[in-house]
Amino acid sequence: MILQDWWYTTLLGIKSPLQPPLRGTLRVEYLVVGAGMAGLMAALRLMAAGRRVALVERNICGGSSTGRSAGFLTPDSELELSQLLRRYGPDRARDLWDAAARGIALITEMARAHDIACDLQRQDSLFVGNGARGWHAAQAEVDARRRLGYPQTLYTAAELPSILGSTAYAGGIRYPDCYGINALQFAQGVKRVLVANGVQVYESTEAIALDDHTVRTPLGAVTAEHIVFCIDKPPAQLTRYAANVFHAQTFLAISEPLGDADVRRLFPQEPLQCWDSDLLYTYWRLTGGQRLLVGGGSALTTFALHAVRTPRVIRRVIGRFKAKFPFLARHPWIQYWPGLIDTTRDLLPTVVRDPRMPWVHWVLGCVGLPWAAFCGDFVARQVLGTAADEARYYDYFTPDRSFLVPLWAERVAGKPLVFSLNNAWAKYYQVDRTTSRT
Ligand SMILES: Cc1cc2nc3c(=O)[nH]c(=O)nc-3n(C[C@H](O)[C@H](O)[C@H](O)COP(=O)(O)OP(=O)(O)OC[C@H]3O[C@@H](n4cnc5c(N)ncnc54)[C@H](O)[C@@H]3O)c2cc1C
């Protein structure tokens, strides 16, 4: 098993010329900085409105979290519906869940409308419970979905093997309207659409300073009426909102293709995208070509300050997976890769129009492709003035929300510890009492 992002491997042989870095100065109406899922969706929306748009990306489009991700497209990006319900009550929980679902719709509609080859597959979500606690978590999710009127199917331990080839789980909940995607191919496909429609896209172009309406890059500068930053790992010298974001590390591995018989044993009815109820959960799905993608992490590395690259963590994840699916014990794994997911203290994105520079928006800490898609699109529509009725999302995503452990504690106890405490609190206990514009 070698250290190599599989999605980069899938780009080999695909015609997707790199866009040159920005050299010199440029003046546009709209500048988007960062071409992950959020920035690409913002640029697409601005493009569709017929505006003069530039997009600068320090890597290649999709080259950071988006292009490392497992490509699960489910509204359950770290916060399950039951957790949103506890925290926000029914109306706002629905509001947030529907926003993530809209993110999925945006991605899938874009892939279809522009015929982007990105291994898009409809795959129902399957959340499986480990032990009695896991079974309760699955039931809580069923109750929440019933209460808010979302479809689902509950499987007991005895019923689960009809859809998943394991007898090791206490049950599970399945729900529709979810997809798997190769997000790097999607990002590169969106880049081609943007370029074909006149958006000026510059890869290998890092925004290193923001000076009034001008973003400086190593070889040039862009001046714009409106600037939308959708970047990851934001540095403090670029934005005062950098402190709102930290990262969580997860690991992925990809296997050699499964034979048809193993696919039928693993998913007796049809392929599903799965994850379990553990705090550091294991997740898996089939990619096109019947490869198995498995991901997970460890307590020591999830909030480590720096990226950890050893294969030890993913080997243990694969070991746990094999224990549940012994018939795959000898199946070979070929590549693994780690990734740092930007996150906030309560797992919801930070989206803000900078009050000191109202022409600048920040989209930070989106945990999940659907959230990123929604937030990028949301900000573009706000800038265009076409979504005034959705301004309440600024309240959900404000950088001023409160957390269990206050920020000053990070100076004493360190960001990793305080972030992990706040994350766990948001997931399992937090009840949000702030009023919003809903
Ligand atoms: C290993 C892994 C597995 C994951 N699996 C899933 C999954 O299955 N499903 C899911 O929904 N989510 C998953 N995620 C999370 C998901 O990938 C992210 O939440 C999502 O991609 C965030 O998108 P984004 O556009 O906000 O950020 P990013 O994709 O990080 O995009 C930000 C972009 O900004 C660029 N940038 C940063 N600074 C600058 C600068 N100064 N100038 C110019 N450009 C800059 C970066 O290069 C990057 O391309 C996973 C993440 C990882 C790492």
# chains A, B, ... in the order shown; residues from 1 in each chain; ligands from 1

call {"tool": "residues_near_ligand", "arguments": {"ligand": "ligand 1", "cutoff": "6 Å", "atoms": "only C-alpha atoms and all ligand atoms", "output": "PDB file with all heavy atoms, in the first residue's frame"}}
result
ATOM      1  N   VAL A  33     -11.666  33.288  -4.331  1.00  0.00           N
ATOM      2  CA  VAL A  33     -10.347  32.774  -3.940  1.00  0.00           C
ATOM      3  C   VAL A  33     -10.549  31.394  -3.333  1.00  0.00           C
ATOM      4  O   VAL A  33     -11.285  31.233  -2.364  1.00  0.00           O
ATOM      5  CB  VAL A  33      -9.670  33.701  -2.906  1.00  0.00           C
ATOM      6  CG1 VAL A  33      -8.289  33.162  -2.549  1.00  0.00           C
ATOM      7  CG2 VAL A  33      -9.573  35.116  -3.437  1.00  0.00           C
ATOM      8  N   GLY A  34      -9.907  30.385  -3.941  1.00  0.00           N
ATOM      9  CA  GLY A  34     -10.042  29.016  -3.449  1.00  0.00           C
ATOM     10  C   GLY A  34     -11.009  28.229  -4.310  1.00  0.00           C
ATOM     11  O   GLY A  34     -12.175  28.611  -4.451  1.00  0.00           O
ATOM     12  N   ALA A  35     -10.509  27.156  -4.920  1.00  0.00           N
ATOM     13  CA  ALA A  35     -11.354  26.361  -5.831  1.00  0.00           C
ATOM     14  C   ALA A  35     -11.580  24.959  -5.290  1.00  0.00           C
ATOM     15  O   ALA A  35     -11.366  23.968  -5.970  1.00  0.00           O
ATOM     16  CB  ALA A  35     -10.727  26.321  -7.220  1.00  0.00           C
ATOM     17  N   GLY A  36     -12.010  24.895  -4.025  1.00  0.00           N
ATOM     18  CA  GLY A  36     -12.592  23.653  -3.521  1.00  0.00           C
ATOM     19  C   GLY A  36     -14.070  23.659  -3.885  1.00  0.00           C
ATOM     20  O   GLY A  36     -14.514  24.470  -4.714  1.00  0.00           O
ATOM     21  N   MET A  37     -14.843  22.783  -3.278  1.00  0.00           N
ATOM     22  CA  MET A  37     -16.260  22.705  -3.623  1.00  0.00           C
ATOM     23  C   MET A  37     -16.963  24.044  -3.418  1.00  0.00           C
ATOM     24  O   MET A  37     -17.780  24.463  -4.248  1.00  0.00           O
ATOM     25  CB  MET A  37     -16.932  21.604  -2.784  1.00  0.00           C
ATOM     26  CG  MET A  37     -18.345  21.310  -3.180  1.00  0.00           C
ATOM     27  SD  MET A  37     -18.495  20.812  -4.921  1.00  0.00           S
ATOM     28  CE  MET A  37     -18.111  19.063  -4.822  1.00  0.00           C
ATOM     29  N   ALA A  38     -16.632  24.756  -2.331  1.00  0.00           N
ATOM     30  CA  ALA A  38     -17.329  26.016  -2.049  1.00  0.00           C
ATOM     31  C   ALA A  38     -16.992  27.070  -3.106  1.00  0.00           C
ATOM     32  O   ALA A  38     -17.888  27.702  -3.684  1.00  0.00           O
ATOM     33  CB  ALA A  38     -16.941  26.513  -0.653  1.00  0.00           C
ATOM     34  N   GLY A  39     -15.712  27.249  -3.384  1.00  0.00           N
ATOM     35  CA  GLY A  39     -15.312  28.283  -4.342  1.00  0.00           C
ATOM     36  C   GLY A  39     -15.822  27.982  -5.746  1.00  0.00           C
ATOM     37  O   GLY A  39     -16.229  28.890  -6.484  1.00  0.00           O
ATOM     38  N   VAL A  56      -8.995  32.285  -8.321  1.00  0.00           N
ATOM     39  CA  VAL A  56      -7.581  31.946  -8.109  1.00  0.00           C
ATOM     40  C   VAL A  56      -7.492  30.821  -7.089  1.00  0.00           C
ATOM     41  O   VAL A  56      -8.209  30.812  -6.095  1.00  0.00           O
ATOM     42  CB  VAL A  56      -6.725  33.159  -7.654  1.00  0.00           C
ATOM     43  CG1 VAL A  56      -6.724  34.235  -8.715  1.00  0.00           C
ATOM     44  CG2 VAL A  56      -7.160  33.703  -6.313  1.00  0.00           C
ATOM     45  N   GLU A  57      -6.611  29.870  -7.367  1.00  0.00           N
ATOM     46  CA  GLU A  57      -6.470  28.672  -6.535  1.00  0.00           C
ATOM     47  C   GLU A  57      -4.982  28.380  -6.360  1.00  0.00           C
ATOM     48  O   GLU A  57      -4.237  28.345  -7.334  1.00  0.00           O
ATOM     49  CB  GLU A  57      -7.188  27.492  -7.225  1.00  0.00           C
ATOM     50  CG  GLU A  57      -6.786  26.114  -6.769  1.00  0.00           C
ATOM     51  CD  GLU A  57      -6.958  25.849  -5.271  1.00  0.00           C
ATOM     52  OE1 GLU A  57      -8.029  26.150  -4.729  1.00  0.00           O
ATOM     53  OE2 GLU A  57      -5.988  25.353  -4.658  1.00  0.00           O
ATOM     54  N   ARG A  58      -4.564  28.158  -5.125  1.00  0.00           N
ATOM     55  CA  ARG A  58      -3.119  28.014  -4.891  1.00  0.00           C
ATOM     56  C   ARG A  58      -2.580  26.664  -5.348  1.00  0.00           C
ATOM     57  O   ARG A  58      -1.404  26.508  -5.596  1.00  0.00           O
ATOM     58  CB  ARG A  58      -2.784  28.255  -3.429  1.00  0.00           C
ATOM     59  CG  ARG A  58      -3.114  27.133  -2.516  1.00  0.00           C
ATOM     60  CD  ARG A  58      -2.511  27.377  -1.134  1.00  0.00           C
ATOM     61  NE  ARG A  58      -3.166  26.528  -0.159  1.00  0.00           N
ATOM     62  CZ  ARG A  58      -3.129  26.730   1.133  1.00  0.00           C
ATOM     63  NH1 ARG A  58      -2.485  27.771   1.608  1.00  0.00           N
ATOM     64  NH2 ARG A  58      -3.727  25.910   1.952  1.00  0.00           N
ATOM     65  N   ASN A  59      -3.463  25.680  -5.466  1.00  0.00           N
ATOM     66  CA  ASN A  59      -3.071  24.329  -5.877  1.00  0.00           C
ATOM     67  C   ASN A  59      -3.683  24.115  -7.261  1.00  0.00           C
ATOM     68  O   ASN A  59      -3.663  24.999  -8.096  1.00  0.00           O
ATOM     69  CB  ASN A  59      -3.620  23.357  -4.824  1.00  0.00           C
ATOM     70  CG  ASN A  59      -3.010  21.980  -4.881  1.00  0.00           C
ATOM     71  OD1 ASN A  59      -3.124  21.289  -5.869  1.00  0.00           O
ATOM     72  ND2 ASN A  59      -2.354  21.589  -3.805  1.00  0.00           N
ATOM     73  N   CYS A  61      -7.517  23.042  -9.068  1.00  0.00           N
ATOM     74  CA  CYS A  61      -8.901  23.086  -8.615  1.00  0.00           C
ATOM     75  C   CYS A  61      -9.247  21.750  -7.958  1.00  0.00           C
ATOM     76  O   CYS A  61      -9.025  20.684  -8.546  1.00  0.00           O
ATOM     77  CB  CYS A  61      -9.836  23.377  -9.795  1.00  0.00           C
ATOM     78  SG  CYS A  61      -9.596  25.043 -10.439  1.00  0.00           S
ATOM     79  N   GLY A  62      -9.768  21.814  -6.773  1.00  0.00           N
ATOM     80  CA  GLY A  62     -10.092  20.591  -6.016  1.00  0.00           C
ATOM     81  C   GLY A  62      -8.886  19.987  -5.331  1.00  0.00           C
ATOM     82  O   GLY A  62      -8.988  18.900  -4.753  1.00  0.00           O
ATOM     83  N   GLY A  63      -7.744  20.697  -5.349  1.00  0.00           N
ATOM     84  CA  GLY A  63      -6.496  20.075  -4.898  1.00  0.00           C
ATOM     85  C   GLY A  63      -6.312  19.957  -3.407  1.00  0.00           C
ATOM     86  O   GLY A  63      -5.315  19.404  -2.961  1.00  0.00           O
ATOM     87  N   SER A  64      -7.246  20.440  -2.599  1.00  0.00           N
ATOM     88  CA  SER A  64      -7.076  20.284  -1.142  1.00  0.00           C
ATOM     89  C   SER A  64      -8.115  19.286  -0.620  1.00  0.00           C
ATOM     90  O   SER A  64      -8.227  18.186  -1.152  1.00  0.00           O
ATOM     91  CB  SER A  64      -7.160  21.645  -0.447  1.00  0.00           C
ATOM     92  OG  SER A  64      -6.784  21.521   0.892  1.00  0.00           O
ATOM     93  N   SER A  65      -8.883  19.645   0.390  1.00  0.00           N
ATOM     94  CA  SER A  65      -9.819  18.677   0.998  1.00  0.00           C
ATOM     95  C   SER A  65     -10.762  18.057  -0.029  1.00  0.00           C
ATOM     96  O   SER A  65     -11.010  16.851  -0.014  1.00  0.00           O
ATOM     97  CB  SER A  65     -10.673  19.357   2.064  1.00  0.00           C
ATOM     98  OG  SER A  65      -9.892  19.749   3.127  1.00  0.00           O
ATOM     99  N   THR A  66     -11.293  18.905  -0.908  1.00  0.00           N
ATOM    100  CA  THR A  66     -12.284  18.408  -1.867  1.00  0.00           C
ATOM    101  C   THR A  66     -11.720  17.222  -2.643  1.00  0.00           C
ATOM    102  O   THR A  66     -12.383  16.190  -2.782  1.00  0.00           O
ATOM    103  CB  THR A  66     -12.708  19.558  -2.812  1.00  0.00           C
ATOM    104  OG1 THR A  66     -13.383  20.540  -2.018  1.00  0.00           O
ATOM    105  CG2 THR A  66     -13.616  19.075  -3.934  1.00  0.00           C
ATOM    106  N   ARG A  68      -9.400  15.234  -1.844  1.00  0.00           N
ATOM    107  CA  ARG A  68      -8.902  14.129  -1.019  1.00  0.00           C
ATOM    108  C   ARG A  68     -10.066  13.339  -0.439  1.00  0.00           C
ATOM    109  O   ARG A  68      -9.883  12.269   0.130  1.00  0.00           O
ATOM    110  CB  ARG A  68      -8.086  14.666   0.163  1.00  0.00           C
ATOM    111  CG  ARG A  68      -6.884  15.422  -0.255  1.00  0.00           C
ATOM    112  CD  ARG A  68      -5.944  15.744   0.876  1.00  0.00           C
ATOM    113  NE  ARG A  68      -4.615  15.772   0.312  1.00  0.00           N
ATOM    114  CZ  ARG A  68      -3.723  14.800   0.434  1.00  0.00           C
ATOM    115  NH1 ARG A  68      -3.972  13.752   1.155  1.00  0.00           N
ATOM    116  NH2 ARG A  68      -2.558  14.886  -0.169  1.00  0.00           N
ATOM    117  N   SER A  69     -11.268  13.905  -0.546  1.00  0.00           N
ATOM    118  CA  SER A  69     -12.392  13.375   0.230  1.00  0.00           C
ATOM    119  C   SER A  69     -12.840  12.013  -0.274  1.00  0.00           C
ATOM    120  O   SER A  69     -12.520  11.600  -1.387  1.00  0.00           O
ATOM    121  CB  SER A  69     -13.564  14.350   0.155  1.00  0.00           C
ATOM    122  OG  SER A  69     -14.163  14.280  -1.111  1.00  0.00           O
ATOM    123  N   ALA A  70     -13.627  11.355   0.566  1.00  0.00           N
ATOM    124  CA  ALA A  70     -14.150  10.037   0.204  1.00  0.00           C
ATOM    125  C   ALA A  70     -15.315  10.149  -0.775  1.00  0.00           C
ATOM    126  O   ALA A  70     -15.775   9.140  -1.310  1.00  0.00           O
ATOM    127  CB  ALA A  70     -14.587   9.293   1.466  1.00  0.00           C
ATOM    128  N   GLY A  71     -15.820  11.362  -0.966  1.00  0.00           N
ATOM    129  CA  GLY A  71     -16.877  11.562  -1.954  1.00  0.00           C
ATOM    130  C   GLY A  71     -18.236  11.065  -1.530  1.00  0.00           C
ATOM    131  O   GLY A  71     -19.098  10.815  -2.376  1.00  0.00           O
ATOM    132  N   PHE A  72     -18.477  10.938  -0.225  1.00  0.00           N
ATOM    133  CA  PHE A  72     -19.836  10.641   0.249  1.00  0.00           C
ATOM    134  C   PHE A  72     -20.642  11.929   0.104  1.00  0.00           C
ATOM    135  O   PHE A  72     -20.222  12.968   0.640  1.00  0.00           O
ATOM    136  CB  PHE A  72     -19.851  10.279   1.735  1.00  0.00           C
ATOM    137  CG  PHE A  72     -19.344   8.915   2.080  1.00  0.00           C
ATOM    138  CD1 PHE A  72     -18.115   8.466   1.651  1.00  0.00           C
ATOM    139  CD2 PHE A  72     -20.111   8.080   2.885  1.00  0.00           C
ATOM    140  CE1 PHE A  72     -17.649   7.212   1.997  1.00  0.00           C
ATOM    141  CE2 PHE A  72     -19.655   6.814   3.237  1.00  0.00           C
ATOM    142  CZ  PHE A  72     -18.423   6.379   2.797  1.00  0.00           C
ATOM    143  N   LEU A  73     -21.742  11.875  -0.580  1.00  0.00           N
ATOM    144  CA  LEU A  73     -22.634  13.036  -0.633  1.00  0.00           C
ATOM    145  C   LEU A  73     -23.880  12.708   0.168  1.00  0.00           C
ATOM    146  O   LEU A  73     -24.818  12.088  -0.335  1.00  0.00           O
ATOM    147  CB  LEU A  73     -22.996  13.386  -2.080  1.00  0.00           C
ATOM    148  CG  LEU A  73     -21.850  13.865  -2.975  1.00  0.00           C
ATOM    149  CD1 LEU A  73     -22.362  14.213  -4.373  1.00  0.00           C
ATOM    150  CD2 LEU A  73     -21.134  15.061  -2.367  1.00  0.00           C
ATOM    151  N   SER A  77     -23.216  15.396   7.389  1.00  0.00           N
ATOM    152  CA  SER A  77     -21.778  15.651   7.399  1.00  0.00           C
ATOM    153  C   SER A  77     -21.397  15.972   8.834  1.00  0.00           C
ATOM    154  O   SER A  77     -21.418  17.121   9.239  1.00  0.00           O
ATOM    155  CB  SER A  77     -21.429  16.807   6.485  1.00  0.00           C
ATOM    156  OG  SER A  77     -21.898  16.571   5.191  1.00  0.00           O
ATOM    157  N   THR A 205      -1.944  29.690  -7.870  1.00  0.00           N
ATOM    158  CA  THR A 205      -1.977  31.125  -7.594  1.00  0.00           C
ATOM    159  C   THR A 205      -2.518  31.354  -6.195  1.00  0.00           C
ATOM    160  O   THR A 205      -3.729  31.267  -5.957  1.00  0.00           O
ATOM    161  CB  THR A 205      -2.866  31.856  -8.636  1.00  0.00           C
ATOM    162  OG1 THR A 205      -2.327  31.600  -9.947  1.00  0.00           O
ATOM    163  CG2 THR A 205      -2.912  33.347  -8.392  1.00  0.00           C
ATOM    164  N   GLU A 206      -1.637  31.624  -5.280  1.00  0.00           N
ATOM    165  CA  GLU A 206      -2.045  31.791  -3.887  1.00  0.00           C
ATOM    166  C   GLU A 206      -2.336  33.251  -3.578  1.00  0.00           C
ATOM    167  O   GLU A 206      -1.544  34.134  -3.940  1.00  0.00           O
ATOM    168  CB  GLU A 206      -0.927  31.281  -2.962  1.00  0.00           C
ATOM    169  CG  GLU A 206      -1.282  31.416  -1.496  1.00  0.00           C
ATOM    170  CD  GLU A 206      -0.246  30.807  -0.580  1.00  0.00           C
ATOM    171  OE1 GLU A 206       0.835  30.416  -1.081  1.00  0.00           O
ATOM    172  OE2 GLU A 206      -0.518  30.712   0.628  1.00  0.00           O
ATOM    173  N   ALA A 207      -3.442  33.504  -2.910  1.00  0.00           N
ATOM    174  CA  ALA A 207      -3.707  34.851  -2.404  1.00  0.00           C
ATOM    175  C   ALA A 207      -2.839  35.034  -1.173  1.00  0.00           C
ATOM    176  O   ALA A 207      -2.974  34.281  -0.206  1.00  0.00           O
ATOM    177  CB  ALA A 207      -5.179  34.991  -2.042  1.00  0.00           C
ATOM    178  N   ILE A 208      -1.948  36.014  -1.219  1.00  0.00           N
ATOM    179  CA  ILE A 208      -1.043  36.170  -0.071  1.00  0.00           C
ATOM    180  C   ILE A 208      -1.366  37.414   0.755  1.00  0.00           C
ATOM    181  O   ILE A 208      -0.927  37.520   1.887  1.00  0.00           O
ATOM    182  CB  ILE A 208       0.445  36.185  -0.510  1.00  0.00           C
ATOM    183  CG1 ILE A 208       0.650  37.141  -1.679  1.00  0.00           C
ATOM    184  CG2 ILE A 208       0.928  34.803  -0.877  1.00  0.00           C
ATOM    185  CD1 ILE A 208       2.108  37.222  -2.123  1.00  0.00           C
ATOM    186  N   CYS A 230     -13.030  31.359  -0.228  1.00  0.00           N
ATOM    187  CA  CYS A 230     -13.487  30.015   0.158  1.00  0.00           C
ATOM    188  C   CYS A 230     -12.242  29.155   0.342  1.00  0.00           C
ATOM    189  O   CYS A 230     -12.013  28.198  -0.400  1.00  0.00           O
ATOM    190  CB  CYS A 230     -14.364  29.401  -0.923  1.00  0.00           C
ATOM    191  SG  CYS A 230     -15.839  30.331  -1.312  1.00  0.00           S
ATOM    192  N   ILE A 231     -11.412  29.533   1.301  1.00  0.00           N
ATOM    193  CA  ILE A 231     -10.105  28.893   1.427  1.00  0.00           C
ATOM    194  C   ILE A 231     -10.071  27.957   2.634  1.00  0.00           C
ATOM    195  O   ILE A 231     -10.937  28.022   3.508  1.00  0.00           O
ATOM    196  CB  ILE A 231      -8.976  29.940   1.537  1.00  0.00           C
ATOM    197  CG1 ILE A 231      -9.175  30.803   2.783  1.00  0.00           C
ATOM    198  CG2 ILE A 231      -8.932  30.791   0.289  1.00  0.00           C
ATOM    199  CD1 ILE A 231      -8.028  31.777   3.034  1.00  0.00           C
ATOM    200  N   ASP A 232      -9.060  27.103   2.664  1.00  0.00           N
ATOM    201  CA  ASP A 232      -8.863  26.238   3.831  1.00  0.00           C
ATOM    202  C   ASP A 232      -7.591  26.665   4.559  1.00  0.00           C
ATOM    203  O   ASP A 232      -6.803  27.452   4.030  1.00  0.00           O
ATOM    204  CB  ASP A 232      -8.808  24.763   3.417  1.00  0.00           C
ATOM    205  CG  ASP A 232      -7.617  24.458   2.517  1.00  0.00           C
ATOM    206  OD1 ASP A 232      -7.139  25.366   1.812  1.00  0.00           O
ATOM    207  OD2 ASP A 232      -7.169  23.303   2.506  1.00  0.00           O
ATOM    208  N   THR A 250      -8.305  12.657   8.938  1.00  0.00           N
ATOM    209  CA  THR A 250      -8.863  11.338   8.667  1.00  0.00           C
ATOM    210  C   THR A 250      -8.002  10.678   7.579  1.00  0.00           C
ATOM    211  O   THR A 250      -7.198  11.338   6.931  1.00  0.00           O
ATOM    212  CB  THR A 250     -10.350  11.450   8.248  1.00  0.00           C
ATOM    213  OG1 THR A 250     -10.898  10.148   8.048  1.00  0.00           O
ATOM    214  CG2 THR A 250     -10.532  12.251   6.985  1.00  0.00           C
ATOM    215  N   PHE A 251      -8.150   9.373   7.425  1.00  0.00           N
ATOM    216  CA  PHE A 251      -7.314   8.609   6.494  1.00  0.00           C
ATOM    217  C   PHE A 251      -8.217   7.780   5.591  1.00  0.00           C
ATOM    218  O   PHE A 251      -9.259   7.292   6.030  1.00  0.00           O
ATOM    219  CB  PHE A 251      -6.392   7.655   7.270  1.00  0.00           C
ATOM    220  CG  PHE A 251      -5.388   8.354   8.138  1.00  0.00           C
ATOM    221  CD1 PHE A 251      -5.772   8.880   9.362  1.00  0.00           C
ATOM    222  CD2 PHE A 251      -4.068   8.503   7.737  1.00  0.00           C
ATOM    223  CE1 PHE A 251      -4.857   9.535  10.178  1.00  0.00           C
ATOM    224  CE2 PHE A 251      -3.147   9.159   8.540  1.00  0.00           C
ATOM    225  CZ  PHE A 251      -3.537   9.666   9.769  1.00  0.00           C
ATOM    226  N   LEU A 252      -7.747   7.595   4.358  1.00  0.00           N
ATOM    227  CA  LEU A 252      -8.511   6.777   3.410  1.00  0.00           C
ATOM    228  C   LEU A 252      -7.597   5.742   2.773  1.00  0.00           C
ATOM    229  O   LEU A 252      -6.390   5.960   2.650  1.00  0.00           O
ATOM    230  CB  LEU A 252      -9.075   7.647   2.290  1.00  0.00           C
ATOM    231  CG  LEU A 252     -10.217   8.585   2.649  1.00  0.00           C
ATOM    232  CD1 LEU A 252     -10.501   9.536   1.508  1.00  0.00           C
ATOM    233  CD2 LEU A 252     -11.462   7.786   2.978  1.00  0.00           C
ATOM    234  N   PRO A 338      -3.798  10.531   3.759  1.00  0.00           N
ATOM    235  CA  PRO A 338      -4.427  11.262   4.863  1.00  0.00           C
ATOM    236  C   PRO A 338      -5.005  12.579   4.362  1.00  0.00           C
ATOM    237  O   PRO A 338      -4.687  13.021   3.260  1.00  0.00           O
ATOM    238  CB  PRO A 338      -3.248  11.532   5.802  1.00  0.00           C
ATOM    239  CG  PRO A 338      -2.052  11.595   4.888  1.00  0.00           C
ATOM    240  CD  PRO A 338      -2.373  10.852   3.633  1.00  0.00           C
ATOM    241  N   GLY A 339      -5.825  13.202   5.156  1.00  0.00           N
ATOM    242  CA  GLY A 339      -6.346  14.517   4.788  1.00  0.00           C
ATOM    243  C   GLY A 339      -6.775  15.280   6.015  1.00  0.00           C
ATOM    244  O   GLY A 339      -7.242  14.682   6.987  1.00  0.00           O
ATOM    245  N   LEU A 340      -6.596  16.589   5.956  1.00  0.00           N
ATOM    246  CA  LEU A 340      -7.004  17.457   7.068  1.00  0.00           C
ATOM    247  C   LEU A 340      -8.292  18.175   6.668  1.00  0.00           C
ATOM    248  O   LEU A 340      -8.289  18.965   5.721  1.00  0.00           O
ATOM    249  CB  LEU A 340      -5.923  18.494   7.358  1.00  0.00           C
ATOM    250  CG  LEU A 340      -4.555  17.963   7.771  1.00  0.00           C
ATOM    251  CD1 LEU A 340      -3.573  19.116   7.945  1.00  0.00           C
ATOM    252  CD2 LEU A 340      -4.648  17.175   9.070  1.00  0.00           C
ATOM    253  N   ILE A 341      -9.363  17.880   7.375  1.00  0.00           N
ATOM    254  CA  ILE A 341     -10.643  18.531   7.082  1.00  0.00           C
ATOM    255  C   ILE A 341     -10.743  19.779   7.938  1.00  0.00           C
ATOM    256  O   ILE A 341     -10.662  19.689   9.156  1.00  0.00           O
ATOM    257  CB  ILE A 341     -11.827  17.610   7.453  1.00  0.00           C
ATOM    258  CG1 ILE A 341     -11.659  16.229   6.822  1.00  0.00           C
ATOM    259  CG2 ILE A 341     -13.144  18.254   7.071  1.00  0.00           C
ATOM    260  CD1 ILE A 341     -12.756  15.252   7.217  1.00  0.00           C
ATOM    261  N   CYS A 366     -16.037  24.487   6.280  1.00  0.00           N
ATOM    262  CA  CYS A 366     -17.181  23.660   5.840  1.00  0.00           C
ATOM    263  C   CYS A 366     -16.815  22.188   6.032  1.00  0.00           C
ATOM    264  O   CYS A 366     -15.911  21.687   5.361  1.00  0.00           O
ATOM    265  CB  CYS A 366     -17.493  23.886   4.359  1.00  0.00           C
ATOM    266  SG  CYS A 366     -17.951  25.561   3.958  1.00  0.00           S
ATOM    267  N   VAL A 367     -17.531  21.514   6.911  1.00  0.00           N
ATOM    268  CA  VAL A 367     -17.247  20.098   7.125  1.00  0.00           C
ATOM    269  C   VAL A 367     -18.184  19.293   6.234  1.00  0.00           C
ATOM    270  O   VAL A 367     -19.312  19.001   6.601  1.00  0.00           O
ATOM    271  CB  VAL A 367     -17.463  19.693   8.600  1.00  0.00           C
ATOM    272  CG1 VAL A 367     -17.012  18.255   8.804  1.00  0.00           C
ATOM    273  CG2 VAL A 367     -16.697  20.607   9.509  1.00  0.00           C
ATOM    274  N   GLY A 368     -17.703  18.966   5.067  1.00  0.00           N
ATOM    275  CA  GLY A 368     -18.524  18.169   4.160  1.00  0.00           C
ATOM    276  C   GLY A 368     -18.729  18.869   2.835  1.00  0.00           C
ATOM    277  O   GLY A 368     -18.909  20.100   2.769  1.00  0.00           O
ATOM    278  N   LEU A 369     -18.695  18.071   1.774  1.00  0.00           N
ATOM    279  CA  LEU A 369     -18.902  18.608   0.426  1.00  0.00           C
ATOM    280  C   LEU A 369     -20.261  19.282   0.278  1.00  0.00           C
ATOM    281  O   LEU A 369     -20.347  20.364  -0.342  1.00  0.00           O
ATOM    282  CB  LEU A 369     -18.744  17.476  -0.603  1.00  0.00           C
ATOM    283  CG  LEU A 369     -17.363  16.797  -0.635  1.00  0.00           C
ATOM    284  CD1 LEU A 369     -17.437  15.442  -1.330  1.00  0.00           C
ATOM    285  CD2 LEU A 369     -16.346  17.700  -1.319  1.00  0.00           C
ATOM    286  N   PRO A 370     -21.348  18.702   0.813  1.00  0.00           N
ATOM    287  CA  PRO A 370     -22.644  19.367   0.659  1.00  0.00           C
ATOM    288  C   PRO A 370     -22.679  20.743   1.320  1.00  0.00           C
ATOM    289  O   PRO A 370     -23.191  21.707   0.743  1.00  0.00           O
ATOM    290  CB  PRO A 370     -23.623  18.400   1.347  1.00  0.00           C
ATOM    291  CG  PRO A 370     -22.966  17.057   1.244  1.00  0.00           C
ATOM    292  CD  PRO A 370     -21.502  17.346   1.399  1.00  0.00           C
ATOM    293  N   ALA A 372     -20.131  22.693   1.863  1.00  0.00           N
ATOM    294  CA  ALA A 372     -19.287  23.583   1.077  1.00  0.00           C
ATOM    295  C   ALA A 372     -20.049  24.058  -0.162  1.00  0.00           C
ATOM    296  O   ALA A 372     -20.036  25.250  -0.494  1.00  0.00           O
ATOM    297  CB  ALA A 372     -17.996  22.861   0.684  1.00  0.00           C
TER     298      ALA A 372
END

call {"tool": "residues_around", "arguments": {"residues": "segment 18-28 of chain A", "least_positions_apart": "2", "cutoff": "7 Å", "atoms": "only C-alpha atoms", "output": "ChimeraX atom specification"}}
result
/A:16,30-31,52-54,201-205,219-224

call {"tool": "residues_around", "arguments": {"residues": "Thr350 of chain A", "least_positions_apart": "5", "cutoff": "9 Å", "atoms": "only C-alpha atoms", "output": "ChimeraX atom specification"}}
result
/A:241,244-245,344,362-366,394,396-399

call {"tool": "closest_residue", "arguments": {"among": "A:Glu390, A:Asp400, A:Glu270, A:Glu256", "to": "His331 of chain A", "atoms": "only C-alpha atoms"}}
result
A:Glu256

call {"tool": "residues_around", "arguments": {"residues": "Gly134 of chain A", "least_positions_apart": "4", "cutoff": "8 Å", "atoms": "only C-alpha atoms", "output": "PyMOL selection string"}}
result
chain A and resi 128-130+138+170-171+276-278

call {"tool": "residues_around", "arguments": {"residues": "Arg192 of chain A", "least_positions_apart": "5", "cutoff": "9 Å", "atoms": "only C-alpha atoms", "output": "ChimeraX atom specification"}}
result
/A:16-17,187,197
